[in-house]
file my_file-v5.cif (mmCIF, C-alpha atoms and all ligand atoms)
data_final
#
loop_
_atom_site.label_atom_id
_atom_site.label_comp_id
_atom_site.auth_asym_id
_atom_site.auth_seq_id
_atom_site.Cartn_x
_atom_site.Cartn_y
_atom_site.Cartn_z
CA MET A 218 -19.81 -11.12 22.93
CA SER A 219 -23.07 -9.66 21.66
CA GLU A 220 -23.47 -9.62 17.88
CA ALA A 221 -24.93 -6.09 18.02
CA THR A 222 -21.80 -4.60 19.56
CA PRO A 223 -18.74 -6.53 18.49
CA ARG A 224 -15.49 -5.79 20.29
CA VAL A 225 -13.00 -3.84 18.22
CA ALA A 226 -9.53 -5.14 17.41
CA ILE A 227 -6.63 -3.35 15.72
CA VAL A 228 -4.10 -5.44 13.84
CA THR A 229 -0.99 -3.56 12.64
CA GLY A 230 0.85 -4.60 9.50
CA ALA A 231 -2.35 -6.35 8.41
CA ALA A 232 -2.11 -5.76 4.66
CA ARG A 233 -0.44 -9.13 4.21
CA GLY A 234 1.25 -12.10 5.88
CA ILE A 235 0.67 -12.89 9.54
CA GLY A 236 -1.23 -9.63 10.09
CA ALA A 237 -3.69 -10.29 7.26
CA ALA A 238 -4.38 -13.85 8.47
CA THR A 239 -4.81 -12.58 12.03
CA ALA A 240 -7.21 -9.82 10.97
CA GLN A 241 -9.30 -12.38 9.07
CA ARG A 242 -9.27 -14.82 11.97
CA LEU A 243 -10.34 -12.19 14.52
CA ALA A 244 -13.13 -11.04 12.17
CA ALA A 245 -14.28 -14.67 11.88
CA ASP A 246 -14.19 -14.83 15.70
CA GLY A 247 -16.66 -11.91 15.78
CA TYR A 248 -14.48 -8.83 16.23
CA ALA A 249 -14.80 -5.67 14.16
CA VAL A 250 -11.26 -5.31 12.84
CA ALA A 251 -9.18 -2.26 11.99
CA VAL A 252 -6.74 -3.39 9.31
CA LEU A 253 -3.83 -1.01 9.83
CA ASP A 254 -0.83 -0.77 7.54
CA LEU A 255 1.59 1.87 6.22
CA ASP A 256 -0.51 2.61 3.14
CA GLU A 257 -4.30 2.47 3.45
CA ALA A 258 -4.61 1.40 -0.21
CA ASN A 259 -2.71 -1.81 0.60
CA THR A 260 -5.26 -2.83 3.24
CA LYS A 261 -7.99 -3.23 0.60
CA GLU A 262 -7.42 -6.92 -0.05
CA THR A 263 -7.64 -7.87 3.65
CA VAL A 264 -10.67 -5.61 4.19
CA GLN A 265 -12.45 -7.14 1.19
CA ALA A 266 -11.65 -10.69 2.36
CA ILE A 267 -13.17 -9.92 5.76
CA GLU A 268 -16.24 -8.20 4.33
CA GLY A 269 -16.66 -10.96 1.75
CA ALA A 270 -16.87 -13.46 4.60
CA GLY A 271 -19.56 -11.35 6.32
CA GLY A 272 -17.29 -9.57 8.80
CA THR A 273 -16.68 -5.91 9.64
CA ALA A 274 -13.38 -4.21 8.77
CA LEU A 275 -11.91 -0.76 8.39
CA GLY A 276 -8.72 -0.06 6.45
CA VAL A 277 -6.45 2.47 8.15
CA GLY A 278 -3.15 3.88 6.91
CA ALA A 279 -0.50 4.80 9.49
CA ASP A 280 3.19 4.44 10.22
CA VAL A 281 3.24 2.84 13.67
CA SER A 282 6.55 4.55 14.49
CA ASP A 283 5.01 8.05 14.09
CA ALA A 284 3.24 9.30 17.24
CA GLU A 285 0.86 11.69 15.44
CA GLN A 286 -0.15 9.12 12.84
CA VAL A 287 -0.73 6.51 15.56
CA GLN A 288 -2.95 8.86 17.58
CA ALA A 289 -4.94 9.87 14.49
CA ALA A 290 -5.36 6.22 13.48
CA VAL A 291 -6.54 5.09 16.92
CA ASP A 292 -8.91 8.10 17.17
CA ARG A 293 -10.35 7.17 13.77
CA VAL A 294 -10.86 3.53 14.76
CA ALA A 295 -12.60 4.60 17.98
CA ALA A 296 -14.87 6.99 16.06
CA GLU A 297 -15.71 4.70 13.13
CA LEU A 298 -15.66 1.19 14.62
CA GLY A 299 -15.77 1.71 18.39
CA PRO A 300 -13.26 1.63 21.28
CA PRO A 301 -10.30 -0.62 20.42
CA VAL A 302 -9.90 -3.14 23.26
CA VAL A 303 -7.78 -5.65 21.36
CA LEU A 304 -4.41 -4.67 19.90
CA ILE A 305 -2.12 -6.93 17.89
CA ASN A 306 1.31 -5.32 17.44
CA ASN A 307 2.37 -7.18 14.31
CA ALA A 308 3.88 -4.56 11.95
CA GLY A 309 7.49 -5.41 11.29
CA VAL A 310 10.49 -4.93 9.04
CA THR A 311 13.92 -6.48 8.69
CA ARG A 312 17.18 -4.73 7.79
CA ASP A 313 19.56 -7.68 8.18
CA ASN A 314 23.31 -7.21 8.10
CA MET A 315 26.36 -8.46 9.94
CA LEU A 316 27.31 -6.07 12.72
CA PHE A 317 30.30 -4.59 10.88
CA LYS A 318 28.10 -3.68 7.92
CA MET A 319 24.99 -2.61 9.86
CA THR A 320 24.22 1.09 9.44
CA GLU A 321 22.64 3.37 12.01
CA VAL A 322 19.62 3.59 9.71
CA ASP A 323 19.32 -0.24 9.68
CA TRP A 324 19.36 -0.14 13.48
CA ASP A 325 16.97 2.79 13.93
CA VAL A 326 14.34 1.67 11.42
CA VAL A 327 14.02 -1.75 13.06
CA MET A 328 13.91 -0.32 16.59
CA ASN A 329 11.38 2.30 15.56
CA VAL A 330 8.90 0.00 13.84
CA HIS A 331 8.99 -2.84 16.38
CA LEU A 332 9.66 -1.14 19.71
CA ARG A 333 8.54 2.46 19.31
CA GLY A 334 5.60 1.24 17.19
CA ALA A 335 4.39 -1.24 19.81
CA PHE A 336 4.85 1.38 22.54
CA LEU A 337 2.94 4.11 20.69
CA MET A 338 0.08 1.80 19.70
CA ALA A 339 -0.28 0.34 23.20
CA ARG A 340 -0.16 3.78 24.82
CA ALA A 341 -2.85 5.11 22.47
CA CYS A 342 -5.15 2.08 22.97
CA GLN A 343 -4.75 1.44 26.71
CA LYS A 344 -7.28 4.02 27.86
CA TYR A 345 -10.06 2.30 25.90
CA MET A 346 -9.12 -1.01 27.52
CA VAL A 347 -8.93 0.47 31.02
CA ASP A 348 -12.33 2.17 30.51
CA ALA A 349 -13.84 -1.12 29.31
CA LYS A 350 -12.15 -3.05 32.14
CA PHE A 351 -11.22 -5.50 29.41
CA GLY A 352 -8.30 -5.58 27.04
CA ARG A 353 -5.98 -7.86 25.13
CA ILE A 354 -2.59 -6.95 23.71
CA VAL A 355 -0.50 -9.43 21.73
CA ASN A 356 3.00 -8.49 20.60
CA LEU A 357 4.79 -10.31 17.79
CA SER A 358 8.25 -11.31 18.97
CA SER A 359 10.36 -13.94 17.16
CA VAL A 360 12.66 -16.91 17.75
CA SER A 361 15.32 -14.40 16.67
CA ALA A 362 15.00 -12.93 20.18
CA LEU A 363 17.22 -15.84 21.22
CA GLY A 364 19.95 -14.61 18.86
CA ASN A 365 20.31 -14.88 15.09
CA ARG A 366 23.29 -14.22 12.86
CA GLY A 367 22.91 -11.02 10.82
CA GLN A 368 20.03 -9.74 12.92
CA ALA A 369 21.58 -7.74 15.79
CA ASN A 370 18.93 -5.05 15.29
CA TYR A 371 15.93 -7.38 14.81
CA SER A 372 16.83 -9.83 17.59
CA THR A 373 17.35 -6.93 20.00
CA ALA A 374 13.96 -5.46 19.12
CA LYS A 375 12.20 -8.83 19.39
CA ALA A 376 13.85 -9.53 22.78
CA GLY A 377 12.86 -6.01 23.86
CA LEU A 378 9.24 -6.73 22.99
CA GLN A 379 9.30 -9.60 25.48
CA GLY A 380 10.29 -7.23 28.32
CA PHE A 381 7.67 -4.74 27.14
CA THR A 382 5.06 -7.52 27.20
CA LYS A 383 5.87 -8.57 30.77
CA THR A 384 5.89 -5.01 32.11
CA LEU A 385 2.57 -4.09 30.49
CA ALA A 386 1.09 -7.31 31.88
CA ILE A 387 2.08 -6.15 35.38
CA GLU A 388 0.83 -2.56 34.91
CA LEU A 389 -2.47 -3.33 33.18
CA GLY A 390 -3.54 -6.60 34.80
CA LYS A 391 -5.77 -5.00 37.42
CA PHE A 392 -7.84 -3.40 34.65
CA GLY A 393 -8.71 -6.75 33.08
CA VAL A 394 -6.06 -6.32 30.40
CA THR A 395 -3.76 -9.21 29.46
CA VAL A 396 -0.58 -8.76 27.49
CA ASN A 397 1.23 -11.67 25.83
CA ALA A 398 3.80 -12.25 23.13
CA ILE A 399 4.10 -14.78 20.34
CA ALA A 400 7.56 -15.69 19.09
CA PRO A 401 7.11 -17.38 15.70
CA GLY A 402 9.71 -19.50 13.98
CA PHE A 403 9.82 -19.70 10.19
CA ILE A 404 6.50 -18.50 8.75
CA GLN A 405 5.95 -18.50 4.99
CA THR A 406 5.38 -14.81 4.15
CA GLU A 407 6.86 -11.99 2.05
CA MET A 408 9.31 -11.38 4.92
CA THR A 409 10.90 -14.85 4.68
CA LYS A 410 10.66 -14.67 0.87
CA ALA A 411 12.72 -11.46 0.95
CA THR A 412 15.28 -13.16 3.22
CA ALA A 413 15.63 -16.03 0.70
CA GLU A 414 16.09 -13.52 -2.14
CA ARG A 415 18.74 -11.65 -0.17
CA MET A 416 20.60 -14.91 0.40
CA GLY A 417 20.31 -15.85 -3.29
CA ILE A 418 18.32 -19.02 -2.51
CA ALA A 419 15.10 -20.01 -4.31
CA PHE A 420 12.20 -19.59 -1.84
CA GLU A 421 11.11 -23.24 -2.35
CA ASP A 422 14.61 -24.49 -1.46
CA PHE A 423 14.76 -22.12 1.52
CA ILE A 424 11.44 -23.54 2.76
CA LYS A 425 12.59 -27.13 2.24
CA GLY A 426 15.83 -26.47 4.12
CA ALA A 427 14.01 -24.80 7.00
CA ALA A 428 11.38 -27.57 7.21
CA SER A 429 14.13 -30.20 7.49
CA GLN A 430 15.27 -28.56 10.74
CA ILE A 431 11.78 -28.18 12.26
CA PRO A 432 10.43 -31.03 14.46
CA VAL A 433 6.93 -30.96 12.89
CA ALA A 434 8.65 -31.17 9.48
CA ARG A 435 7.06 -28.14 7.87
CA VAL A 436 7.36 -24.38 7.98
CA GLY A 437 4.62 -22.32 9.60
CA GLN A 438 1.77 -20.57 7.84
CA PRO A 439 0.28 -17.20 8.88
CA GLU A 440 -2.86 -19.07 10.04
CA ASP A 441 -0.75 -20.98 12.62
CA ILE A 442 0.03 -17.67 14.32
CA ALA A 443 -3.50 -16.30 13.88
CA HIS A 444 -4.81 -19.34 15.76
CA LEU A 445 -2.63 -18.56 18.77
CA VAL A 446 -3.62 -14.88 18.67
CA SER A 447 -7.25 -16.00 18.68
CA PHE A 448 -6.59 -17.93 21.91
CA PHE A 449 -4.75 -15.07 23.65
CA VAL A 450 -7.51 -12.52 22.91
CA SER A 451 -10.36 -14.85 23.86
CA GLU A 452 -12.50 -14.14 26.93
CA GLY A 453 -11.38 -17.39 28.54
CA ALA A 454 -7.66 -16.53 28.37
CA GLY A 455 -8.00 -13.83 31.05
CA PHE A 456 -5.66 -15.62 33.50
CA VAL A 457 -2.82 -15.94 30.99
CA SER A 458 -0.68 -12.81 30.94
CA GLY A 459 2.94 -11.76 30.52
CA GLN A 460 3.74 -14.94 28.62
CA VAL A 461 5.83 -15.59 25.54
CA VAL A 462 4.82 -18.59 23.46
CA TYR A 463 7.31 -19.86 20.89
CA ALA A 464 5.27 -21.03 17.90
CA ALA A 465 7.97 -22.67 15.86
CA GLY A 466 6.97 -26.28 15.22
CA GLY A 467 9.21 -27.39 18.06
CA PRO A 468 11.08 -26.00 21.07
CA ARG A 469 13.03 -23.71 18.73
CA ALA A 470 13.01 -23.49 14.94
P1 LIG A 501 5.40 -9.06 6.21
O1 LIG A 501 4.77 -10.02 5.26
O2 LIG A 501 6.64 -8.35 5.77
O3 LIG A 501 4.28 -8.00 6.64
C1 LIG A 501 4.59 -6.94 7.49
C2 LIG A 501 3.59 -5.84 7.28
O4 LIG A 501 3.93 -4.77 8.19
C3 LIG A 501 3.64 -5.26 5.86
O5 LIG A 501 2.34 -5.12 5.35
C4 LIG A 501 4.30 -3.90 6.07
O6 LIG A 501 3.89 -2.89 5.18
C5 LIG A 501 3.82 -3.55 7.48
N1 LIG A 501 4.63 -2.48 8.06
C6 LIG A 501 5.98 -2.36 8.02
N2 LIG A 501 6.37 -1.23 8.64
C7 LIG A 501 5.24 -0.64 9.10
C8 LIG A 501 5.00 0.57 9.81
N3 LIG A 501 6.00 1.37 10.18
N4 LIG A 501 3.72 0.89 10.11
C9 LIG A 501 2.70 0.08 9.74
N5 LIG A 501 2.87 -1.07 9.06
C10 LIG A 501 4.14 -1.42 8.74
O7 LIG A 501 5.79 -9.74 7.60
P2 LIG A 501 5.26 -11.07 8.34
O8 LIG A 501 6.19 -12.17 7.99
O9 LIG A 501 3.80 -11.24 8.15
O10 LIG A 501 5.60 -10.67 9.86
C11 LIG A 501 4.65 -10.10 10.76
C12 LIG A 501 5.29 -9.97 12.12
O11 LIG A 501 5.73 -11.25 12.58
C13 LIG A 501 6.52 -9.06 12.15
O12 LIG A 501 6.56 -8.34 13.36
C14 LIG A 501 7.66 -10.04 12.07
O13 LIG A 501 8.84 -9.48 12.61
C15 LIG A 501 7.11 -11.18 12.90
N6 LIG A 501 7.73 -12.48 12.61
C16 LIG A 501 7.70 -13.02 11.36
C17 LIG A 501 8.29 -14.26 11.14
C18 LIG A 501 8.30 -14.93 9.79
O14 LIG A 501 8.95 -15.98 9.67
N7 LIG A 501 7.62 -14.43 8.79
C19 LIG A 501 8.94 -14.92 12.19
C20 LIG A 501 8.95 -14.32 13.46
C21 LIG A 501 8.34 -13.10 13.65
P3 LIG A 501 4.70 -2.57 3.83
O15 LIG A 501 4.50 -3.74 2.97
O16 LIG A 501 4.08 -1.32 3.29
O17 LIG A 501 6.14 -2.41 4.25
#

call {"tool": "encode", "arguments": {"input": "my_file-v5.cif", "output": "structure tokens", "more": "lines below"}}
Ligand code: NAP
result
Amino acid sequence: MSEATPRVAIVTGAARGIGAATAQRLAADGYAVAVLDLDEANTKETVQAIEGAGGTALGVGADVSDAEQVQAAVDRVAAELGPPVVLINNAGVTRDNMLFKMTEVDWDVVMNVHLRGAFLMARACQKYMVDAKFGRIVNLSSVSALGNRGQANYSTAKAGLQGFTKTLAIELGKFGVTVNAIAPGFIQTEMTKATAERMGIAFEDFIKGAASQIPVARVGQPEDIAHLVSFFVSEGAGFVSGQVVYAAGGPRA
């Protein structure tokens, strides 16, 4: 990678958590990074952290489940940073409920952000990757894809992303584009904090309880996932495609 023309990466949901750590890691790896999140104002902290460390970043506001906003965001990244050839579909939400209490809105919101969002972002970015004969897409799945009580919507979406990953790998491989998925276990972020709050458990106790079930005896940090993203998008990972790696401190969290 030449320093004069860094490759451009888009990380969705990068205002905080796994997305923020991933954006910072890719910037440290030499990419110019579009820090995309629902509200552009919320991307400021991640953008400043990247710029403070000498990297290049652009904050972009868009709802990944809205086709027009996605197209406008990707057009803006291409115009202001350059053609996006790396895409990390990380934006996510939970609307947990047992099946009998799950509303249609709970179902639709989760499907729209994870599945429709990943589809719209990948569709908008693929032409830049095909033109460059190089591309990397990483989709954030979850151990919940294997089934998790109270998450019929989320586990379905995260399992769906694995099928999406494998199909894109088959379609885009001949253009030098790899597509992989990461399925994290328990990662310490606002998302798991909100789950603890919903369950009425102090976050520290929730973390302790989770760590006691994890073979490496700790919960994950956003940087653990960013490290794996860094591998998948690297030049040398060009023969690894259509894979799902469970990053959960053991075979399954
Ligand atoms: P997080 O802290 O809740 O961050 C998610 C980010 O996505 C937030 O900044 C959120 O913005 C943004 N976002 C939500 N809906 C969006 C939309 N429609 N368009 C654009 N951005 C949107 O979550 P995280 O824990 O870092 O999780 C990141 C990804 O990893 C998610 O896909 C999640 O499902 C997956 N994951 C997490 C864990 C875990 O244990 N934390 C485990 C497995 C998988 P707002 O704040 O404005 O809503």

call {"tool": "closest_residue", "arguments": {"input": "my_file-v5.cif", "among": "A:Leu445, A:Val450, A:Ala374, A:Ala295", "to": "Val326 (chain A)", "atoms": "all atoms listed in the file"}}
result
A:Ala374

call {"tool": "closest_residue", "arguments": {"input": "my_file-v5.cif", "among": "A:Thr373, A:Thr406, A:Gln265, A:Gln288", "to": "ligand LIG 501 (chain A)", "atoms": "all atoms listed in the file"}}
result
A:Thr406

call {"tool": "residues_near_ligand", "arguments": {"input": "my_file-v5.cif", "ligand": "ligand LIG 501 (chain A)", "cutoff": "6 Å", "atoms": "all atoms listed in the file", "output": "PyMOL selection string"}}
result
chain A and resi 229-236+254-255+279-282+307-310+330+357-359+400-409

call {"tool": "closest_residue", "arguments": {"input": "my_file-v5.cif", "among": "A:Asp292, A:Glu257, A:Asp313, A:Glu388", "to": "Gln368 (chain A)", "atoms": "all atoms listed in the file"}}
result
A:Asp313

call {"tool": "closest_atom_pairs", "arguments": {"input": "my_file-v5.cif", "of": "region 284-364 of chain A", "to": "region 375-379 of chain A", "cutoff": "10 Å", "atoms": "only C-alpha atoms", "output": "JSON lines"}}
result
{"residue": "A:Asn306", "atom": "CA", "partner": "A:Leu378", "partner_atom": "CA", "distance": 9.8}
{"residue": "A:Gly309", "atom": "CA", "partner": "A:Lys375", "partner_atom": "CA", "distance": 10.0}
{"residue": "A:Val327", "atom": "CA", "partner": "A:Lys375", "partner_atom": "CA", "distance": 9.7}
{"residue": "A:Met328", "atom": "CA", "partner": "A:Lys375", "partner_atom": "CA", "distance": 9.1}
{"residue": "A:His331", "atom": "CA", "partner": "A:Lys375", "partner_atom": "CA", "distance": 7.4}
{"residue": "A:Leu332", "atom": "CA", "partner": "A:Leu378", "partner_atom": "CA", "distance": 6.5}
{"residue": "A:Arg333", "atom": "CA", "partner": "A:Leu378", "partner_atom": "CA", "distance": 9.9}
{"residue": "A:Ala335", "atom": "CA", "partner": "A:Leu378", "partner_atom": "CA", "distance": 8.0}
{"residue": "A:Phe336", "atom": "CA", "partner": "A:Leu378", "partner_atom": "CA", "distance": 9.2}
{"residue": "A:Asn356", "atom": "CA", "partner": "A:Leu378", "partner_atom": "CA", "distance": 6.9}
{"residue": "A:Leu357", "atom": "CA", "partner": "A:Lys375", "partner_atom": "CA", "distance": 7.7}
{"residue": "A:Ser358", "atom": "CA", "partner": "A:Lys375", "partner_atom": "CA", "distance": 4.7}
{"residue": "A:Ser359", "atom": "CA", "partner": "A:Lys375", "partner_atom": "CA", "distance": 5.9}
{"residue": "A:Val360", "atom": "CA", "partner": "A:Lys375", "partner_atom": "CA", "distance": 8.3}
{"residue": "A:Ser361", "atom": "CA", "partner": "A:Lys375", "partner_atom": "CA", "distance": 6.9}
{"residue": "A:Ala362", "atom": "CA", "partner": "A:Ala376", "partner_atom": "CA", "distance": 4.4}
{"residue": "A:Leu363", "atom": "CA", "partner": "A:Ala376", "partner_atom": "CA", "distance": 7.3}
{"residue": "A:Gly364", "atom": "CA", "partner": "A:Ala376", "partner_atom": "CA", "distance": 8.9}

call {"tool": "closest_residue", "arguments": {"input": "my_file-v5.cif", "among": "A:Ala349, A:Val250, A:Val436, A:Ala465", "to": "Leu298 (chain A)", "atoms": "all atoms listed in the file"}}
result
A:Val250

call {"tool": "closest_residue", "arguments": {"input": "my_file-v5.cif", "among": "A:Ala369, A:Val228, A:Ala238, A:Ile431", "to": "Gly276 (chain A)", "atoms": "only C-alpha atoms"}}
result
A:Val228

call {"tool": "closest_residue", "arguments": {"input": "my_file-v5.cif", "among": "A:Gly367, A:Tyr345, A:Thr382, A:Ala240", "to": "Arg415 (chain A)", "atoms": "only C-alpha atoms"}}
result
A:Gly367

call {"tool": "atom_distance", "arguments": {"input": "my_file-v5.cif", "atom1": "CA of Thr384 (chain A)", "atom2": "CA of Val396 (chain A)"}}
result
8.8 Å

call {"tool": "atom_distance", "arguments": {"input": "my_file-v5.cif", "atom1": "CA of Asp441 (chain A)", "atom2": "CA of Val462 (chain A)"}}
result
12.4 Å

call {"tool": "residues_around", "arguments": {"input": "my_file-v5.cif", "residues": "Gly271 (chain A)", "least_positions_apart": "5", "cutoff": "9 Å", "atoms": "all atoms listed in the file", "output": "PyMOL selection string"}}
result
chain A and resi 244-245+266

call {"tool": "write_last_selection", "arguments": {"input": "my_file-v5.cif", "atoms": "C-alpha atoms", "output": "PDB file, in the coordinates of the input"}}
result
ATOM      1  CA  ALA A 244     -13.130 -11.040  12.170  1.00  0.00           C
ATOM      2  CA  ALA A 245     -14.280 -14.670  11.880  1.00  0.00           C
ATOM      3  CA  ALA A 266     -11.650 -10.690   2.360  1.00  0.00           C
TER       4      ALA A 266
END

call {"tool": "residues_around", "arguments": {"input": "my_file-v5.cif", "residues": "Pro301 (chain A)", "least_positions_apart": "6", "cutoff": "8 Å", "atoms": "all atoms listed in the file", "output": "list in words"}}
result
Arg224, Val225, Ala226, Ile227, Val291, Val294, Ala295, Cys342, Tyr345 and Met346 of chain A
